[in-house]
Structures are given as structure tokens and as C-alpha cells.
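Undergrad: Once you've had a glance at the structure underneath, I'll fire off some questions.
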Amino acid sequence: MSPRAGWRRRVALPVFLLTATAVVAPLPPPAAWGQEEEYVIGADDVLQIQVLDNKDLDQVLPVRPDGKISFPLAGEVHASGLTVSEFSALLTQKLAKSVKNPTVSVIVKEVRSLRVYFVGRVAKPGVYPIKAGTSLLQALTLAGGPVDGADLSSSYVVRGEQRIFVDLRRLVQDADLSQNVPLHRDDTIVVPEMTAGANPQEVLERRIYVLGKVQKPGMYTTRHDIPVLNAIFLAGGLVEPAADLAGAFVIRGKDRIPIDLRRLIQKGDLSQNVMIRNEDTIVVPDGGEMQNSVFIMGEVAKPGFYPRADALTLMQLVSVAGGFTKFAAPGRITVIREDRSNGTSGTRQKSRIKVNANAIQRNPRANPDPSLEPGDVVVVPQTLF
């Protein structure tokens, strides 16, 4: 019998017959999972209690929020936090004062106390009822799974005073079932937000941006450097025929690296399948709009590229892009701009302009909303806390 099957057998309808002097050996634990040996009663569970040859005492009772039940001839009996055998022994002891040699059976008729809590970067944070033996992956589906910005590798389960680290990236993406821990009552699963430089695990994450004529522009995380074609697949593929395949490029720091996706896709020229690094931005432009467009990435509702750069200010661009997300840090915006004042040197340098959008909103007269120029790339970072 598998460990899971054994656990189900033990918690489904556990029955223990005890007298005041009887001793019941505990059932063997599921060794592979390290669960408790018997089911532990909790508040809201429904118990079916029978006393042999005393049908008048048979009761079906819920465990009250205070953890107790009221039972004839026994009065208030504490149940929450006890195993079924411990509770049976306690009830037998109390009934022995009024009933000669009572034989008590206790069945957990309904398990209602098994609840877990999800907080952080999941689609539906909140409290969820689970069944005994529910695994982390099963419970994660109840919460709608992780969302963008989740630091999967730094997730953990809070169990009492313990913190149990689980690598959701290994579980979800690599099917590493060693991370699929069974959940206990009142576990809290924390899926933290990824914050730059906040923890050593950040080193294992690569954040890349894919903008322009792709199906799903936005930010994506990878575990390692990946080829540009793989990054485009992450973004749902190209939007054809609008995409200017020959005019694609990668922004890497102050460098602009041209990529001919047409040669890569149609002719198999692997020299164009460049490796995408952490914080790289891939731009797949529309040829007709490229010369007078600006790009915005990061924490806005609709990252991408927008035409008519000469008619937009920074705050207008943010508005056109759907506004800031709740994770944005408007005070730390960066505008990457190509410097065209290099004379005849033939080189093109990039300058970085820091903009505080909070200051613009508070006092636009003292902090003018800067105008944008064609080719500008606006980066809206995540908040650090």
C-alpha cells in the first residue's frame, strides 16, 4: 500500500474502541511523508460518538471553535488538538464516573478543520479547505497558481514556528516531487515577490523583457541565459506580418545589438540566435512605426512600444501604457536615450536619465514632465519592498 493510501485509510473514518483501562497501539506512520501517526482533531470537525449498550448517549457533535464538545454525563470535554485515541481515552475517563466500564467509539465523521493559507504572489491569496494528505502542488492549484513577479525559488511553508523552504520552480517547471511536501492543518504557504538584490536566490534568476510585435509583451524570468528565439517563444511568438523581423534588436546596457530574425527563422542562420542575458530587452518593431516610437518596460499594465514619440511626455506614455502596476516604483524610473551629439565619430552612446514620477505628480510646476524622443526606452522598476 502506498503511503498516501495508508494516510487516507487512517483519517477517513478512524474508529477506536477504548475502555477506561484499554490501550490502543497507534497505527504506523507513513514513513515517506513524516506525518503524525493519527489524525488530530480540530475545531469544526464533526465527531460521531457511540457508547456500547448505551444508545441514549450516541451523539453526532461538531467541535466548537473553543475546541470543546458538550457530552451527556461527561460535561465539557476538550477535543481540539488531541488524536482520536487521546480524545476517546479522555471521554472514557469522564464517563467512567457515571457509566460502568464504558466502551467508547469515536469516528471523525467530517473533517472540516484542515485549512491552509496562501499569501504573496499567487492568483487568489486566501484560506482554502483541504483534505488530509493534500500536497503542496494540489493546494497551489486551488490558489490559482503563481503569478508574474513570484520568486518561486524562495517560497516557503510556515508551520507553527518552523519555516520550511520549498523550491516551487523546481516543483512546477522541473517536476521535482521532492518539493511537493504534504500540507498540515493551518500551514501558511508564502510565495514572495521577486525584488532585485533582496536575496541570494536573485542570482539564479534572469529577468528579460520582450517588447514590440510579439503576442504577449512583458517581463519574463529564466533560470539561465537563453537564445533569443526561446525568449520570443516565451512571449507567445511573433505577430506577423506586422513584425519587422530584419529590424529586431537587443538592448543590453548602453549597447544596441541588431538581430535579423528573418535570417534566423527562414534561413536557419544560427549566428542571429544570440544568447539573452539578465536584464536584456528584446525589441521586435513594426517597420512602419519604428522610426518614431518609444518603448516602455517593467511595471506598467501594457509594456511595449508606442508610436508618435515626439507627441508624448513620460507621464502621457505611462497613461497610454495603462498606468503603473501596484508593484511599480515610480520614483526610480530610468529613460535610456541614444545620444546623437557625437559629431562625426560614428559612435552612438547611450545616456540614462533618472526620473521621479512621484515628484512630477506632486508638483508638476517644479518638476516638469519630460518630453520623449524617438528611440527612448523607459524602464519602470519594481519596488524594493
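By order of appearance in the C-alpha cells: chains A, B, ..., then residues from 1 within every chain, and ligands from 1 in the order shown.
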I need the strand (DSSP E) residues of range 92-303 of chain A per DSSP on the backbone, written as JSON, numbers by chain.
TA: {"A": [104, 105, 106, 107, 108, 109, 110, 115, 116, 117, 118, 119, 120, 126, 127, 128, 129, 156, 157, 158, 159, 162, 163, 164, 165, 188, 189, 190, 191, 206, 207, 208, 209, 210, 211, 212, 218, 219, 220, 221, 222, 226, 227, 248, 249, 250, 251, 252, 255, 256, 257, 258, 259, 275, 276, 281, 282, 283, 284, 293, 294, 295, 296, 297, 298]}
Undergrad: Include C-alpha atoms and write out the residues we just selected as a compact mmCIF listing (two decimals), in the first residue's frame.
TA:
# COMPACT_ATOMS: atom_id res chain seq x y z
CA VAL A 104 -16.48 4.28 23.59
CA SER A 105 -16.08 4.50 19.82
CA VAL A 106 -15.23 7.75 18.09
CA ILE A 107 -15.47 8.38 14.37
CA VAL A 108 -14.32 11.55 12.64
CA LYS A 109 -17.45 11.84 10.53
CA GLU A 110 -16.47 15.07 8.74
CA ARG A 115 -7.25 24.64 6.23
CA VAL A 116 -4.21 26.22 4.65
CA TYR A 117 -3.42 29.81 3.82
CA PHE A 118 -1.80 31.30 0.72
CA VAL A 119 -0.16 34.71 0.79
CA GLY A 120 2.02 36.57 -1.67
CA GLY A 126 -6.64 33.41 0.93
CA VAL A 127 -7.72 30.47 3.06
CA TYR A 128 -8.57 27.11 1.49
CA PRO A 129 -10.06 23.90 2.96
CA TYR A 156 8.34 28.56 1.99
CA VAL A 157 5.74 27.00 4.28
CA VAL A 158 5.17 28.38 7.77
CA ARG A 159 4.21 25.55 10.13
CA GLN A 162 9.01 26.30 11.58
CA ARG A 163 9.86 27.73 8.18
CA ILE A 164 10.10 25.00 5.55
CA PHE A 165 11.70 26.19 2.32
CA THR A 188 0.74 29.08 5.54
CA ILE A 189 2.32 28.98 2.09
CA VAL A 190 4.28 32.13 1.28
CA VAL A 191 5.17 32.93 -2.34
CA ARG A 206 17.30 36.16 -15.09
CA ARG A 207 14.79 38.86 -15.88
CA ILE A 208 14.33 39.67 -19.54
CA TYR A 209 11.93 41.94 -21.39
CA VAL A 210 10.30 41.21 -24.75
CA LEU A 211 8.65 44.19 -26.40
CA GLY A 212 7.02 45.07 -29.70
CA GLY A 218 6.29 41.89 -20.93
CA MET A 219 8.85 40.71 -18.40
CA TYR A 220 9.87 37.05 -18.17
CA THR A 221 12.14 35.16 -15.80
CA THR A 222 14.52 32.39 -16.79
CA ILE A 226 18.58 31.55 -23.29
CA PRO A 227 18.67 32.03 -27.08
CA ALA A 248 14.81 43.47 -34.38
CA PHE A 249 17.43 44.32 -31.78
CA VAL A 250 18.51 43.71 -28.19
CA ILE A 251 19.17 46.49 -25.70
CA ARG A 252 21.96 45.45 -23.33
CA ASP A 255 24.53 48.71 -26.30
CA ARG A 256 22.07 48.03 -29.09
CA ILE A 257 22.63 44.64 -30.74
CA PRO A 258 20.90 44.18 -34.13
CA ILE A 259 19.30 40.78 -34.80
CA MET A 275 22.06 34.43 -26.06
CA ILE A 276 19.83 36.68 -23.96
CA THR A 281 15.45 43.81 -23.64
CA ILE A 282 14.37 42.28 -26.97
CA VAL A 283 12.54 44.63 -29.32
CA VAL A 284 10.64 43.35 -32.36
CA SER A 293 8.46 55.12 -31.44
CA VAL A 294 9.30 54.90 -27.77
CA PHE A 295 9.48 51.79 -25.64
CA ILE A 296 8.29 51.22 -22.08
CA MET A 297 9.04 48.15 -19.99
CA GLY A 298 8.63 46.95 -16.44
Undergrad: DSSP on the backbone, then: every residue of range 76-319 of chain A marked helix (DSSP H, G or I), written as a ChimeraX atom specification.
TA: /A:84-95,136-142,152-154,168-174,177-179,200-204,228-234,245-247,261-267,270-272,290-292,309-311,314-319
Undergrad: Expressed in Å to a single decimal, how great is the separation between CA of Pro370 in chain A and CA of Ala243 in chain A?
TA: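 Computing the Euclidean distance for CA of Pro370 in chain A and CA of Ala243 in chain A yields 29.2 Å.
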Undergrad: Find the spatial neighbours of range 356-363 of chain A, counting only C-alpha atoms, within a cut-off of 7 Å - ignore same-chain residues fewer than 2 positions away - and output them as a ChimeraX atom specification.
TA: /A:330-333,354,365-369
Undergrad: Keeping only C-alpha atoms, write the selected residues as an mmCIF file, in the first residue's frame.
TA:
data_model
loop_
_atom_site.group_PDB
_atom_site.id
_atom_site.type_symbol
_atom_site.label_atom_id
_atom_site.label_comp_id
_atom_site.auth_asym_id
_atom_site.auth_seq_id
_atom_site.Cartn_x
_atom_site.Cartn_y
_atom_site.Cartn_z
ATOM 1 C CA PRO A 330 7.556 55.453 -9.892
ATOM 2 C CA GLY A 331 10.287 57.351 -8.075
ATOM 3 C CA ARG A 332 13.065 55.375 -9.766
ATOM 4 C CA ILE A 333 12.200 55.498 -13.487
ATOM 5 C CA LYS A 354 16.624 59.307 -13.872
ATOM 6 C CA ARG A 365 5.447 73.075 -11.966
ATOM 7 C CA ALA A 366 8.647 72.447 -10.025
ATOM 8 C CA ASN A 367 9.222 69.069 -11.702
ATOM 9 C CA PRO A 368 8.250 69.303 -15.388
ATOM 10 C CA ASP A 369 7.050 66.194 -17.165
#
Undergrad: Pick from A:Ser178, A:Gln382, A:Gln266, A:Thr103: nearest to Ile49 in chain A, with only C-alpha atoms counted?
TA: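 Under the stated criterion, the closest residue is A:Thr103.
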